[in-house]
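File shown: coords19.pdb (PDB, C-alpha atoms and all ligand atoms).
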ATOM      1  CA  MET A  22      -1.013 -18.317 -16.854
ATOM      2  CA  GLY A  23      -0.681 -15.719 -14.095
ATOM      3  CA  ILE A  24      -3.078 -15.433 -11.154
ATOM      4  CA  MET A  25      -4.049 -11.912 -12.326
ATOM      5  CA  ASP A  26      -4.346 -12.643 -16.060
ATOM      6  CA  GLY A  27      -6.784 -10.265 -17.757
ATOM      7  CA  LYS A  28      -7.268  -8.100 -14.651
ATOM      8  CA  SER A  29      -6.763  -4.329 -14.622
ATOM      9  CA  GLY A  30      -5.962  -2.080 -11.706
ATOM     10  CA  LEU A  31      -3.777   0.490 -10.059
ATOM     11  CA  VAL A  32      -1.042   0.829  -7.453
ATOM     12  CA  THR A  33      -0.544   4.171  -5.691
ATOM     13  CA  ALA A  34       2.885   5.468  -4.699
ATOM     14  CA  SER A  35       4.438   2.974  -7.097
ATOM     15  CA  GLY A  36       7.335   5.149  -8.210
ATOM     16  CA  GLY A  37       9.489   3.408  -5.605
ATOM     17  CA  GLY A  38       9.589   1.187  -2.530
ATOM     18  CA  ILE A  39       6.853  -1.362  -1.866
ATOM     19  CA  GLY A  40       4.596   0.280  -4.467
ATOM     20  CA  ARG A  41       7.075  -0.251  -7.299
ATOM     21  CA  ALA A  42       7.616  -3.874  -6.234
ATOM     22  CA  SER A  43       3.840  -4.310  -6.133
ATOM     23  CA  ALA A  44       3.253  -2.812  -9.594
ATOM     24  CA  LEU A  45       5.959  -5.116 -10.988
ATOM     25  CA  ALA A  46       4.464  -8.145  -9.213
ATOM     26  CA  PHE A  47       0.891  -7.445 -10.396
ATOM     27  CA  ALA A  48       2.204  -7.105 -13.957
ATOM     28  CA  ARG A  49       4.234 -10.340 -13.647
ATOM     29  CA  ALA A  50       1.043 -12.049 -12.499
ATOM     30  CA  GLY A  51      -0.601 -10.980 -15.751
ATOM     31  CA  ALA A  52      -2.415  -7.751 -14.815
ATOM     32  CA  ASN A  53      -2.602  -4.449 -16.675
ATOM     33  CA  VAL A  54      -1.245  -1.918 -14.171
ATOM     34  CA  LEU A  55      -1.712   1.827 -13.813
ATOM     35  CA  VAL A  56       1.381   3.065 -11.988
ATOM     36  CA  SER A  57       0.898   6.310 -10.074
ATOM     37  CA  ASP A  58       3.037   8.474  -7.850
ATOM     38  CA  ILE A  59       3.350  12.106  -6.830
ATOM     39  CA  ASP A  60       6.692  11.966  -8.658
ATOM     40  CA  GLU A  61       5.936  11.752 -12.375
ATOM     41  CA  ALA A  62       9.437  10.618 -13.427
ATOM     42  CA  THR A  63       9.633   7.642 -11.076
ATOM     43  CA  ALA A  64       6.089   6.561 -11.978
ATOM     44  CA  ARG A  65       7.041   6.624 -15.652
ATOM     45  CA  GLU A  66      10.182   4.638 -14.824
ATOM     46  CA  THR A  67       8.186   1.881 -13.076
ATOM     47  CA  ALA A  68       5.843   1.620 -16.069
ATOM     48  CA  GLU A  69       8.857   1.380 -18.372
ATOM     49  CA  LEU A  70      10.345  -1.399 -16.205
ATOM     50  CA  ILE A  71       7.077  -3.325 -16.518
ATOM     51  CA  ARG A  72       6.916  -2.893 -20.279
ATOM     52  CA  ALA A  73      10.590  -3.856 -20.627
ATOM     53  CA  ALA A  74       9.756  -7.107 -18.828
ATOM     54  CA  GLY A  75       6.923  -7.792 -21.282
ATOM     55  CA  GLY A  76       4.047  -6.518 -19.120
ATOM     56  CA  THR A  77       1.350  -3.913 -19.705
ATOM     57  CA  ALA A  78       1.457  -0.608 -17.836
ATOM     58  CA  GLU A  79       0.600   3.064 -18.058
ATOM     59  CA  SER A  80       1.541   5.803 -15.606
ATOM     60  CA  LEU A  81      -0.207   8.840 -14.190
ATOM     61  CA  VAL A  82       1.036  11.426 -11.724
ATOM     62  CA  ALA A  83      -1.272  11.653  -8.694
ATOM     63  CA  ASP A  84      -1.137  13.034  -5.177
ATOM     64  CA  ALA A  85      -2.700  10.202  -3.194
ATOM     65  CA  SER A  86      -4.101  12.639  -0.616
ATOM     66  CA  ASP A  87      -6.316  14.339  -3.206
ATOM     67  CA  GLU A  88      -9.891  13.144  -3.839
ATOM     68  CA  ALA A  89     -10.026  14.276  -7.483
ATOM     69  CA  ALA A  90      -6.712  12.525  -8.185
ATOM     70  CA  ASN A  91      -8.033   9.263  -6.722
ATOM     71  CA  LEU A  92     -11.130   9.489  -8.909
ATOM     72  CA  ALA A  93      -8.949  10.265 -11.941
ATOM     73  CA  LEU A  94      -6.904   7.112 -11.312
ATOM     74  CA  VAL A  95     -10.029   4.940 -11.390
ATOM     75  CA  GLN A  96     -11.221   6.673 -14.551
ATOM     76  CA  ALA A  97      -7.819   6.205 -16.195
ATOM     77  CA  VAL A  98      -7.821   2.437 -15.555
ATOM     78  CA  VAL A  99     -11.300   2.194 -17.066
ATOM     79  CA  ALA A 100     -10.277   4.363 -20.037
ATOM     80  CA  HIS A 101      -7.205   2.212 -20.738
ATOM     81  CA  TRP A 102      -8.562  -1.281 -20.146
ATOM     82  CA  GLY A 103     -12.351  -1.040 -19.842
ATOM     83  CA  ARG A 104     -12.777  -1.924 -16.171
ATOM     84  CA  LEU A 105     -11.229  -1.863 -12.700
ATOM     85  CA  ASP A 106     -10.568  -5.217 -11.011
ATOM     86  CA  PHE A 107      -8.114  -4.368  -8.237
ATOM     87  CA  ALA A 108      -6.368  -1.544  -6.429
ATOM     88  CA  HIS A 109      -3.378  -1.462  -4.100
ATOM     89  CA  ASN A 110      -3.661   1.731  -2.046
ATOM     90  CA  ASN A 111      -0.100   1.918  -0.898
ATOM     91  CA  ALA A 112       0.677   5.609  -0.364
ATOM     92  CA  GLY A 113       1.715   6.486   3.159
ATOM     93  CA  ILE A 114       4.286   8.657   4.898
ATOM     94  CA  GLY A 115       6.131   8.387   8.194
ATOM     95  CA  SER A 116       6.105  10.790  11.091
ATOM     96  CA  PRO A 117       8.584  12.776  13.175
ATOM     97  CA  ASN A 118      10.006  10.601  15.939
ATOM     98  CA  LYS A 119       9.213  12.393  19.210
ATOM     99  CA  PRO A 120       6.998  11.892  22.241
ATOM    100  CA  LEU A 121       3.309  12.724  22.006
ATOM    101  CA  THR A 122       3.881  15.593  24.442
ATOM    102  CA  GLU A 123       5.995  17.278  21.740
ATOM    103  CA  GLN A 124       3.949  16.423  18.654
ATOM    104  CA  GLU A 125       2.446  19.227  16.551
ATOM    105  CA  GLY A 126      -1.059  19.227  15.085
ATOM    106  CA  GLU A 127       0.250  20.251  11.682
ATOM    107  CA  ASP A 128       2.311  17.034  11.433
ATOM    108  CA  TRP A 129      -0.733  14.966  12.409
ATOM    109  CA  GLU A 130      -2.792  16.765   9.751
ATOM    110  CA  ARG A 131      -0.145  16.216   7.034
ATOM    111  CA  ILE A 132       0.185  12.515   7.876
ATOM    112  CA  PHE A 133      -3.560  11.908   8.210
ATOM    113  CA  ARG A 134      -4.223  13.751   4.918
ATOM    114  CA  ILE A 135      -2.203  11.131   3.014
ATOM    115  CA  ASN A 136      -2.400   8.006   5.174
ATOM    116  CA  VAL A 137      -6.081   8.225   6.143
ATOM    117  CA  PHE A 138      -8.028  10.776   4.071
ATOM    118  CA  GLY A 139      -6.230   9.743   0.870
ATOM    119  CA  MET A 140      -6.932   6.087   1.620
ATOM    120  CA  MET A 141     -10.601   6.894   2.260
ATOM    121  CA  TYR A 142     -10.952   8.784  -1.059
ATOM    122  CA  ALA A 143      -9.216   5.960  -2.910
ATOM    123  CA  VAL A 144     -11.425   3.232  -1.441
ATOM    124  CA  LYS A 145     -14.580   5.356  -1.903
ATOM    125  CA  HIS A 146     -14.084   5.831  -5.649
ATOM    126  CA  GLN A 147     -12.805   2.309  -6.267
ATOM    127  CA  LEU A 148     -15.858   0.835  -4.517
ATOM    128  CA  ARG A 149     -18.194   3.064  -6.529
ATOM    129  CA  GLN A 150     -16.620   1.720  -9.725
ATOM    130  CA  PHE A 151     -16.846  -1.910  -8.522
ATOM    131  CA  LEU A 152     -20.504  -1.410  -7.589
ATOM    132  CA  ARG A 153     -21.246   0.119 -11.020
ATOM    133  CA  GLN A 154     -19.579  -2.865 -12.709
ATOM    134  CA  GLY A 155     -21.605  -5.225 -10.510
ATOM    135  CA  ASP A 156     -19.251  -8.209 -10.475
ATOM    136  CA  GLY A 157     -16.859  -7.907  -7.558
ATOM    137  CA  GLY A 158     -13.406  -6.412  -7.228
ATOM    138  CA  ALA A 159     -10.572  -6.459  -4.713
ATOM    139  CA  ILE A 160      -8.678  -3.812  -2.769
ATOM    140  CA  VAL A 161      -5.576  -4.110  -0.634
ATOM    141  CA  ASN A 162      -4.479  -1.205   1.554
ATOM    142  CA  SER A 163      -0.950  -0.712   2.898
ATOM    143  CA  ALA A 164      -1.219  -0.454   6.672
ATOM    144  CA  SER A 165       1.734  -1.445   8.908
ATOM    145  CA  THR A 166       2.605  -3.571  11.900
ATOM    146  CA  ALA A 167       2.347  -0.139  13.558
ATOM    147  CA  GLY A 168      -1.400  -0.503  12.882
ATOM    148  CA  VAL A 169      -1.698  -3.455  15.263
ATOM    149  CA  SER A 170       0.520  -2.322  18.131
ATOM    150  CA  GLY A 171       2.014   0.863  19.545
ATOM    151  CA  SER A 172       5.418   2.382  18.855
ATOM    152  CA  THR A 173       6.968   5.024  21.067
ATOM    153  CA  GLY A 174       7.688   8.311  19.302
ATOM    154  CA  LEU A 175       5.525   7.600  16.251
ATOM    155  CA  SER A 176       2.057   8.482  17.543
ATOM    156  CA  PRO A 177       0.715  10.134  14.354
ATOM    157  CA  TYR A 178       1.948   7.296  12.105
ATOM    158  CA  VAL A 179       0.707   4.577  14.470
ATOM    159  CA  SER A 180      -2.683   6.269  14.840
ATOM    160  CA  SER A 181      -3.013   6.719  11.078
ATOM    161  CA  LYS A 182      -2.304   3.030  10.442
ATOM    162  CA  TRP A 183      -4.862   1.934  13.071
ATOM    163  CA  ALA A 184      -7.296   4.163  11.155
ATOM    164  CA  VAL A 185      -6.362   2.421   7.883
ATOM    165  CA  LEU A 186      -7.352  -0.914   9.439
ATOM    166  CA  GLY A 187     -10.617   0.533  10.762
ATOM    167  CA  LEU A 188     -11.395   1.855   7.301
ATOM    168  CA  THR A 189     -10.426  -1.466   5.684
ATOM    169  CA  LYS A 190     -12.576  -3.604   7.968
ATOM    170  CA  THR A 191     -15.604  -1.289   7.769
ATOM    171  CA  ALA A 192     -15.436  -1.051   3.983
ATOM    172  CA  ALA A 193     -15.052  -4.837   3.768
ATOM    173  CA  ALA A 194     -18.209  -5.371   5.804
ATOM    174  CA  GLU A 195     -20.182  -2.843   3.762
ATOM    175  CA  VAL A 196     -19.495  -4.467   0.372
ATOM    176  CA  ALA A 197     -18.948  -8.144   1.197
ATOM    177  CA  ALA A 198     -22.428  -9.079  -0.047
ATOM    178  CA  ASP A 199     -21.546  -7.474  -3.401
ATOM    179  CA  GLY A 200     -18.636  -9.891  -3.823
ATOM    180  CA  ILE A 201     -16.099  -7.101  -3.263
ATOM    181  CA  ARG A 202     -13.131  -7.794  -0.976
ATOM    182  CA  VAL A 203     -11.106  -5.242   1.003
ATOM    183  CA  ASN A 204      -7.985  -6.320   2.899
ATOM    184  CA  ALA A 205      -4.782  -4.817   4.235
ATOM    185  CA  ILE A 206      -1.157  -5.813   4.377
ATOM    186  CA  CYS A 207       0.741  -4.866   7.518
ATOM    187  CA  PRO A 208       4.385  -4.685   6.485
ATOM    188  CA  GLY A 209       7.079  -4.990   9.095
ATOM    189  CA  ALA A 210      10.380  -3.173   8.462
ATOM    190  CA  THR A 211      10.995  -3.528   4.718
ATOM    191  CA  LEU A 212      14.224  -2.942   2.809
ATOM    192  CA  THR A 213      13.167  -0.243   0.376
ATOM    193  CA  ASP A 214      16.008   1.695  -1.286
ATOM    194  CA  ALA A 215      16.284   4.092   1.670
ATOM    195  CA  LEU A 216      16.532   1.291   4.249
ATOM    196  CA  GLN A 217      18.820  -0.776   1.987
ATOM    197  CA  GLY A 218      21.264   2.155   1.924
ATOM    198  CA  TRP A 219      21.076   2.387   5.717
ATOM    199  CA  LYS A 220      21.650  -1.373   6.063
ATOM    200  CA  GLU A 221      24.795  -1.118   3.928
ATOM    201  CA  SER A 222      26.184   1.991   5.640
ATOM    202  CA  SER A 223      25.275   0.910   9.192
ATOM    203  CA  PRO A 224      25.469  -2.900   9.338
ATOM    204  CA  ASP A 225      25.707  -2.975  13.143
ATOM    205  CA  ALA A 226      22.600  -0.835  13.561
ATOM    206  CA  TYR A 227      20.806  -3.061  11.034
ATOM    207  CA  GLU A 228      21.801  -6.223  12.920
ATOM    208  CA  ALA A 229      20.626  -4.699  16.202
ATOM    209  CA  VAL A 230      17.155  -4.107  14.746
ATOM    210  CA  ALA A 231      17.037  -7.335  12.737
ATOM    211  CA  SER A 232      18.058  -9.464  15.728
ATOM    212  CA  ARG A 233      14.784  -8.513  17.474
ATOM    213  CA  ILE A 234      12.739  -9.915  14.569
ATOM    214  CA  PRO A 235      12.039 -13.680  14.904
ATOM    215  CA  MET A 236      13.253 -14.318  11.329
ATOM    216  CA  ARG A 237      16.354 -12.158  12.058
ATOM    217  CA  ARG A 238      16.014  -9.985   8.950
ATOM    218  CA  MET A 239      13.893  -7.268   7.416
ATOM    219  CA  ALA A 240      11.528  -7.961   4.514
ATOM    220  CA  ASP A 241      12.240  -7.483   0.849
ATOM    221  CA  ALA A 242       9.735  -5.174  -0.870
ATOM    222  CA  ALA A 243       8.914  -8.107  -3.179
ATOM    223  CA  GLU A 244       7.641 -10.115  -0.172
ATOM    224  CA  GLN A 245       5.108  -7.363   0.579
ATOM    225  CA  ALA A 246       4.200  -7.182  -3.109
ATOM    226  CA  ASP A 247       3.524 -10.914  -3.437
ATOM    227  CA  ALA A 248       1.110 -10.751  -0.493
ATOM    228  CA  ALA A 249      -0.713  -7.788  -2.058
ATOM    229  CA  VAL A 250      -1.094  -9.660  -5.342
ATOM    230  CA  TRP A 251      -2.359 -12.796  -3.599
ATOM    231  CA  LEU A 252      -4.944 -10.831  -1.591
ATOM    232  CA  CYS A 253      -6.298  -9.283  -4.829
ATOM    233  CA  SER A 254      -6.264 -12.570  -6.731
ATOM    234  CA  PRO A 255      -8.994 -15.206  -7.121
ATOM    235  CA  GLN A 256      -6.876 -17.423  -4.824
ATOM    236  CA  ALA A 257      -8.023 -15.240  -1.911
ATOM    237  CA  SER A 258     -11.679 -15.300  -2.988
ATOM    238  CA  TYR A 259     -13.020 -15.937   0.552
ATOM    239  CA  VAL A 260     -10.663 -13.528   2.351
ATOM    240  CA  THR A 261     -11.955 -10.097   3.316
ATOM    241  CA  GLY A 262     -11.514  -7.562   6.104
ATOM    242  CA  GLN A 263      -8.149  -9.047   7.071
ATOM    243  CA  ALA A 264      -4.936  -7.385   8.196
ATOM    244  CA  LEU A 265      -2.140  -9.668   7.003
ATOM    245  CA  ALA A 266       1.155  -9.032   8.800
ATOM    246  CA  ILE A 267       4.182  -9.707   6.608
ATOM    247  CA  ASP A 268       6.759  -9.168   9.296
ATOM    248  CA  GLY A 269       8.977 -12.229   9.807
ATOM    249  CA  GLY A 270       7.014 -12.990  12.978
ATOM    250  CA  ASP A 271       7.571  -9.571  14.575
ATOM    251  CA  THR A 272       4.007  -9.122  15.821
ATOM    252  CA  ILE A 273       4.075 -12.552  17.491
ATOM    253  CA  LEU A 274       6.266 -11.062  20.189
ATOM    254  CA  GLY A 275       4.242  -7.858  20.527
ATOM    255  CA  HIS A 276       7.161  -5.465  21.011
TER     256      HIS A 276
HETATM  257  N1  LIG B   1       9.105   0.410   4.200
HETATM  258  C1  LIG B   1       8.691  -0.065   5.356
HETATM  259  O1  LIG B   1       9.485  -0.561   6.187
HETATM  260  C2  LIG B   1       7.204  -0.029   5.711
HETATM  261  C3  LIG B   1       6.776  -0.672   6.888
HETATM  262  C4  LIG B   1       5.432  -0.636   7.219
HETATM  263  C5  LIG B   1       4.515  -0.008   6.385
HETATM  264  N2  LIG B   1       4.932   0.606   5.247
HETATM  265  C6  LIG B   1       3.923   1.281   4.431
HETATM  266  O2  LIG B   1       4.017   0.829   3.085
HETATM  267  C7  LIG B   1       3.712   1.907   2.194
HETATM  268  C8  LIG B   1       4.874   2.112   1.235
HETATM  269  O3  LIG B   1       6.033   2.373   2.000
HETATM  270  P1  LIG B   1       7.475   2.553   1.320
HETATM  271  O4  LIG B   1       8.460   2.489   2.434
HETATM  272  O5  LIG B   1       7.587   1.652   0.170
HETATM  273  O6  LIG B   1       7.356   4.065   0.793
HETATM  274  P2  LIG B   1       8.512   5.052   0.294
HETATM  275  O7  LIG B   1       8.801   6.023   1.401
HETATM  276  O8  LIG B   1       9.635   4.262  -0.282
HETATM  277  O9  LIG B   1       7.723   5.881  -0.818
HETATM  278  C9  LIG B   1       7.188   5.239  -1.945
HETATM  279  C10 LIG B   1       6.653   6.293  -2.894
HETATM  280  O10 LIG B   1       5.632   7.108  -2.289
HETATM  281  C11 LIG B   1       5.562   8.286  -3.068
HETATM  282  N3  LIG B   1       4.709   9.307  -2.430
HETATM  283  C12 LIG B   1       4.978  10.054  -1.333
HETATM  284  N4  LIG B   1       3.933  10.875  -1.070
HETATM  285  C13 LIG B   1       2.992  10.618  -2.009
HETATM  286  C14 LIG B   1       1.694  11.135  -2.281
HETATM  287  N5  LIG B   1       1.158  12.087  -1.524
HETATM  288  N6  LIG B   1       1.008  10.648  -3.327
HETATM  289  C15 LIG B   1       1.539   9.689  -4.119
HETATM  290  N7  LIG B   1       2.753   9.161  -3.927
HETATM  291  C16 LIG B   1       3.475   9.621  -2.882
HETATM  292  C17 LIG B   1       7.042   8.653  -3.198
HETATM  293  O11 LIG B   1       7.248   9.568  -4.264
HETATM  294  C18 LIG B   1       7.690   7.283  -3.433
HETATM  295  O12 LIG B   1       7.882   7.005  -4.806
HETATM  296  C19 LIG B   1       3.396   3.108   3.080
HETATM  297  O13 LIG B   1       2.006   3.188   3.278
HETATM  298  C20 LIG B   1       4.114   2.795   4.379
HETATM  299  O14 LIG B   1       3.538   3.428   5.495
HETATM  300  C21 LIG B   1       6.271   0.621   4.893
END

Please, can you express the file's structure as structure tokens?
Amino acid sequence: MGIMDGKSGLVTASGGGIGRASALAFARAGANVLVSDIDEATARETAELIRAAGGTAESLVADASDEAANLALVQAVVAHWGRLDFAHNNAGIGSPNKPLTEQEGEDWERIFRINVFGMMYAVKHQLRQFLRQGDGGAIVNSASTAGVSGSTGLSPYVSSKWAVLGLTKTAAAEVAADGIRVNAICPGATLTDALQGWKESSPDAYEAVASRIPMRRMADAAEQADAAVWLCSPQASYVTGQALAIDGGDTILGH
């Protein structure tokens, strides 16, 4: 028995990184998973990995910044498995690293279009489906530890992740009485493929960053995924509107 047995849902940006780990973890926990990514090939690959491990998955290409694509994802889950029980809205991009005095509006717009507007469209259409079904549902949004503190040079990313938490908490309050839960994970630095490559090629630079984290290491993507699954599971049935930092204690120190 898995904690998500019989549940159906979707994970955005699950062609790689935390999203792929999340899709795999939801499937391992027993859920039917719609994998989606802007990259069709990697989305298909994640779905194949799930099926090869004995799970149930379909894939659909989707630009997470697009409202129609977010609606289509909800409709696809319902078409495949009859209902939507959970969603992990994970898509998000980073920003150029430079002081605010040198930032350009077009970068802010590009980042906000995916990290904030896309998240809003996703939550909007998922909540509409939950409300139509009338028996609850759970959402987890990927924010960041950058959503609970500042970070020099990353003003558009930091601001977008604070917005994700504002959206998460407001949505949670609006639908709590309907038995629907909306939470966020706030990953600290996580060893996705890109960062894993950097760790291997630049071990000293990795150690310098890791040594500032209380647990002295970065997270595995699977550690973020397990938290996302738990937040969407019946085990978290009284948890809503929360921003759960999975960061090896990084936010304790507030740097
Ligand atoms: N990796 C970290 O250290 C870290 C830390 C804090 C927060 N986060 C957040 O976690 C989430 C996932 O991060 P990650 O590092 O795993 O991502 P990533 O950079 O590894 O990308 C994962 C996937 O996102 C897809 N993608 C990019 N733009 C998309 C779009 N418009 N629509 C759909 N898919 C798109 C890519 O094709 C890729 O497969 C993001 O919201 C990110 O901000 C990551």

Decode the PyMOL selection byres (((chain A and resi 183) around 9) and not hetatm) for the given file into explicit residues and return them as an MDAnalysis selection string. chainID A and resid 164:165 167:170 178:182 184:188

Each residue of chain A lying at most 6 Å from ligand LIG 1 (chain B) should get a row with its shortest atom-to-atom pair and the distance in Å to one decimal, counting all atoms listed in the file; could you produce that, ordered by chain and increasing number, as a Markdown table?
| residue | atom | partner | partner_atom | distance |
| --- | --- | --- | --- | --- |
| A:Ala34 | CA | B:LIG1 | N7 | 3.8 |
| A:Ser35 | CA | B:LIG1 | O12 | 5.8 |
| A:Gly36 | CA | B:LIG1 | O12 | 3.9 |
| A:Gly37 | CA | B:LIG1 | O12 | 4.0 |
| A:Gly38 | CA | B:LIG1 | O5 | 3.4 |
| A:Ile39 | CA | B:LIG1 | O5 | 3.7 |
| A:Gly40 | CA | B:LIG1 | O5 | 5.7 |
| A:Asp58 | CA | B:LIG1 | N7 | 4.0 |
| A:Ile59 | CA | B:LIG1 | C15 | 4.1 |
| A:Asp60 | CA | B:LIG1 | O11 | 5.0 |
| A:Ala83 | CA | B:LIG1 | C15 | 5.7 |
| A:Asp84 | CA | B:LIG1 | N6 | 3.7 |
| A:Ala85 | CA | B:LIG1 | N6 | 3.7 |
| A:Ser86 | CA | B:LIG1 | N5 | 5.4 |
| A:Asn111 | CA | B:LIG1 | O13 | 4.8 |
| A:Ala112 | CA | B:LIG1 | O13 | 4.6 |
| A:Gly113 | CA | B:LIG1 | O13 | 3.3 |
| A:Ile114 | CA | B:LIG1 | O14 | 5.3 |
| A:Ile135 | CA | B:LIG1 | N5 | 5.7 |
| A:Ser163 | CA | B:LIG1 | O13 | 4.9 |
| A:Ala164 | CA | B:LIG1 | C5 | 5.8 |
| A:Ser165 | CA | B:LIG1 | C5 | 4.0 |
| A:Pro208 | CA | B:LIG1 | C4 | 4.2 |
| A:Gly209 | CA | B:LIG1 | C3 | 4.9 |
| A:Ala210 | CA | B:LIG1 | O1 | 3.6 |
| A:Thr211 | CA | B:LIG1 | O1 | 3.6 |
| A:Thr213 | CA | B:LIG1 | N1 | 5.6 |

Between A:Gln154, A:Thr261, A:Ser254, A:Asn53, single out the one closest to Val196 in chain A, counting all atoms listed in the file.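 Using all atoms listed in the file, the shortest distance to Val196 in chain A belongs to A:Thr261.
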
Residues matched by the PyMOL selection byres (((chain A and resi 212) around 8) and not hetatm) as a list of chain:residue names: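 That expression, the PyMOL selection byres (((chain A and resi 212) around 8) and not hetatm), corresponds here to A:Ala210, A:Thr211, A:Thr213, A:Asp214, A:Ala215, A:Leu216, A:Gln217, A:Met239, A:Ala240, A:Asp241, A:Ala242.
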
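The residue that comes closest to Gly103 in chain A, out of A:Arg41, A:Arg131, A:Lys28, A:Lys145 and on the basis of all atoms listed in the file, is A:Lys28.
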
Using the file's own x, y and z axes, what box holds all listed atoms of range 173-178 of chain A with 4 Å on each side, keeping edges along x, y and z, and what are its centre and edge lengths in Å to one decimal, as lines of an AutoDock Vina configuration file?
center_x = 4.2
center_y = 7.6
center_z = 16.6
size_x = 15.0
size_y = 13.1
size_z = 17.0

Best match for closeness to Gln124 in chain A among A:Gly270, A:Pro177, A:Gly139, A:Gly171, counting all atoms listed in the file: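 For Gln124 in chain A, the nearest of the candidates is A:Pro177.
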
Picked residues, the PyMOL selection byres (((chain A and resi 55) around 9) and not hetatm), expected as JSON, numbers by chain: {"A": [29, 30, 31, 32, 33, 44, 53, 54, 56, 57, 68, 77, 78, 79, 80, 81, 94, 97, 98, 101]}

Shell around range 227-233 of chain A at 10 Å using all atoms listed in the file, local window under 2 positions removed, as a PyMOL selection string: chain A and resi 210+216-217+219-225+235-240+269+271+274+276

Given all atoms listed in the file as the basis, pick out the residue of A:Gly262, A:Gly27, A:Gly51, A:Gly75 nearest to Ala192 in chain A.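 Selected residue with least distance to Ala192 in chain A: A:Gly262.
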
What does the distance from CA of Ser258 in chain A to CA of Asn136 in chain A come to in Å, to one decimal? 26.4 Å

Near Gly158 in chain A, counting all atoms listed in the file, which residues have an atom at most 6 Å away, once you skip same-chain residues fewer than 5 positions from it, shown as JSON, numbers by chain? {"A": [106, 107, 151, 201]}

Computed interatomic separation between CA of Pro120 in chain A and CA of Gly174 in chain A (Å):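 Interatomic distance here is 4.7 Å.
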
Can you work out the spacing between CA of Gly155 in chain A and CA of Asn204 in chain A in Å, to one decimal?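 Taking CA of Gly155 in chain A and CA of Asn204 in chain A, their separation equals 19.1 Å.
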
Counting all atoms listed in the file, figure out which residue out of A:Ala243, A:Val95, A:Val161, A:Val137 gets nearest to Gln263 in chain A. A:Val161

Selection near Gln256 in chain A, 10 Å with only C-alpha atoms, sequence-local residues under 6 positions removed, as a count of residues only: 3

Of the candidates A:Ala246, A:Val260, A:Ala93, A:Ile160, which shows the shortest atom-to-atom distance to Ala48 in chain A, using all atoms listed in the file?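 Smallest separation from Ala48 in chain A among the options: A:Ala246.
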
Answer as an MDAnalysis selection string, residues within 7 Å of (6.2, 12.0, 8.7) using all atoms listed in the file: chainID A and resid 114:117 128 132

Fewer than 5 positions away in the same chain doesn't count, so skip those; otherwise give me all residues within 12 Å of Arg153 in chain A, counting only C-alpha atoms, as a PyMOL selection string. chain A and resi 99+104-106+146-148+158+199+201

Keeping only C-alpha atoms, write the selected residues to a file as a PDB file, in the coordinates of the input.
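The file below, out.pdb, is the result:
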ATOM      1  CA  VAL A  99     -11.300   2.194 -17.066  1.00  0.00           C
ATOM      2  CA  ARG A 104     -12.777  -1.924 -16.171  1.00  0.00           C
ATOM      3  CA  LEU A 105     -11.229  -1.863 -12.700  1.00  0.00           C
ATOM      4  CA  ASP A 106     -10.568  -5.217 -11.011  1.00  0.00           C
ATOM      5  CA  HIS A 146     -14.084   5.831  -5.649  1.00  0.00           C
ATOM      6  CA  GLN A 147     -12.805   2.309  -6.267  1.00  0.00           C
ATOM      7  CA  LEU A 148     -15.858   0.835  -4.517  1.00  0.00           C
ATOM      8  CA  GLY A 158     -13.406  -6.412  -7.228  1.00  0.00           C
ATOM      9  CA  ASP A 199     -21.546  -7.474  -3.401  1.00  0.00           C
ATOM     10  CA  ILE A 201     -16.099  -7.101  -3.263  1.00  0.00           C
TER      11      ILE A 201
END

Will you model N, CA, C and O atoms for range 81-87 of chain A and pass it back as an mmCIF file, keeping the file's coordinate frame?
data_model
loop_
_atom_site.group_PDB
_atom_site.id
_atom_site.type_symbol
_atom_site.label_atom_id
_atom_site.label_comp_id
_atom_site.auth_asym_id
_atom_site.auth_seq_id
_atom_site.Cartn_x
_atom_site.Cartn_y
_atom_site.Cartn_z
ATOM 1 N N LEU A 81 0.505 7.571 -14.371
ATOM 2 C CA LEU A 81 -0.207 8.840 -14.190
ATOM 3 C C LEU A 81 0.261 9.467 -12.887
ATOM 4 O O LEU A 81 0.305 8.789 -11.852
ATOM 5 N N VAL A 82 0.620 10.751 -12.943
ATOM 6 C CA VAL A 82 1.036 11.426 -11.724
ATOM 7 C C VAL A 82 -0.208 11.698 -10.880
ATOM 8 O O VAL A 82 -1.262 12.058 -11.408
ATOM 9 N N ALA A 83 -0.114 11.427 -9.567
ATOM 10 C CA ALA A 83 -1.272 11.653 -8.694
ATOM 11 C C ALA A 83 -0.810 11.832 -7.254
ATOM 12 O O ALA A 83 0.017 11.060 -6.761
ATOM 13 N N ASP A 84 -1.344 12.858 -6.614
ATOM 14 C CA ASP A 84 -1.137 13.034 -5.177
ATOM 15 C C ASP A 84 -2.203 12.201 -4.474
ATOM 16 O O ASP A 84 -3.396 12.503 -4.561
ATOM 17 N N ALA A 85 -1.763 11.160 -3.783
ATOM 18 C CA ALA A 85 -2.700 10.202 -3.194
ATOM 19 C C ALA A 85 -3.581 10.813 -2.107
ATOM 20 O O ALA A 85 -4.563 10.198 -1.691
ATOM 21 N N SER A 86 -3.265 12.018 -1.656
ATOM 22 C CA SER A 86 -4.101 12.639 -0.616
ATOM 23 C C SER A 86 -5.289 13.382 -1.215
ATOM 24 O O SER A 86 -6.173 13.827 -0.494
ATOM 25 N N ASP A 87 -5.337 13.490 -2.535
ATOM 26 C CA ASP A 87 -6.316 14.339 -3.206
ATOM 27 C C ASP A 87 -7.498 13.516 -3.729
ATOM 28 O O ASP A 87 -7.302 12.532 -4.437
#
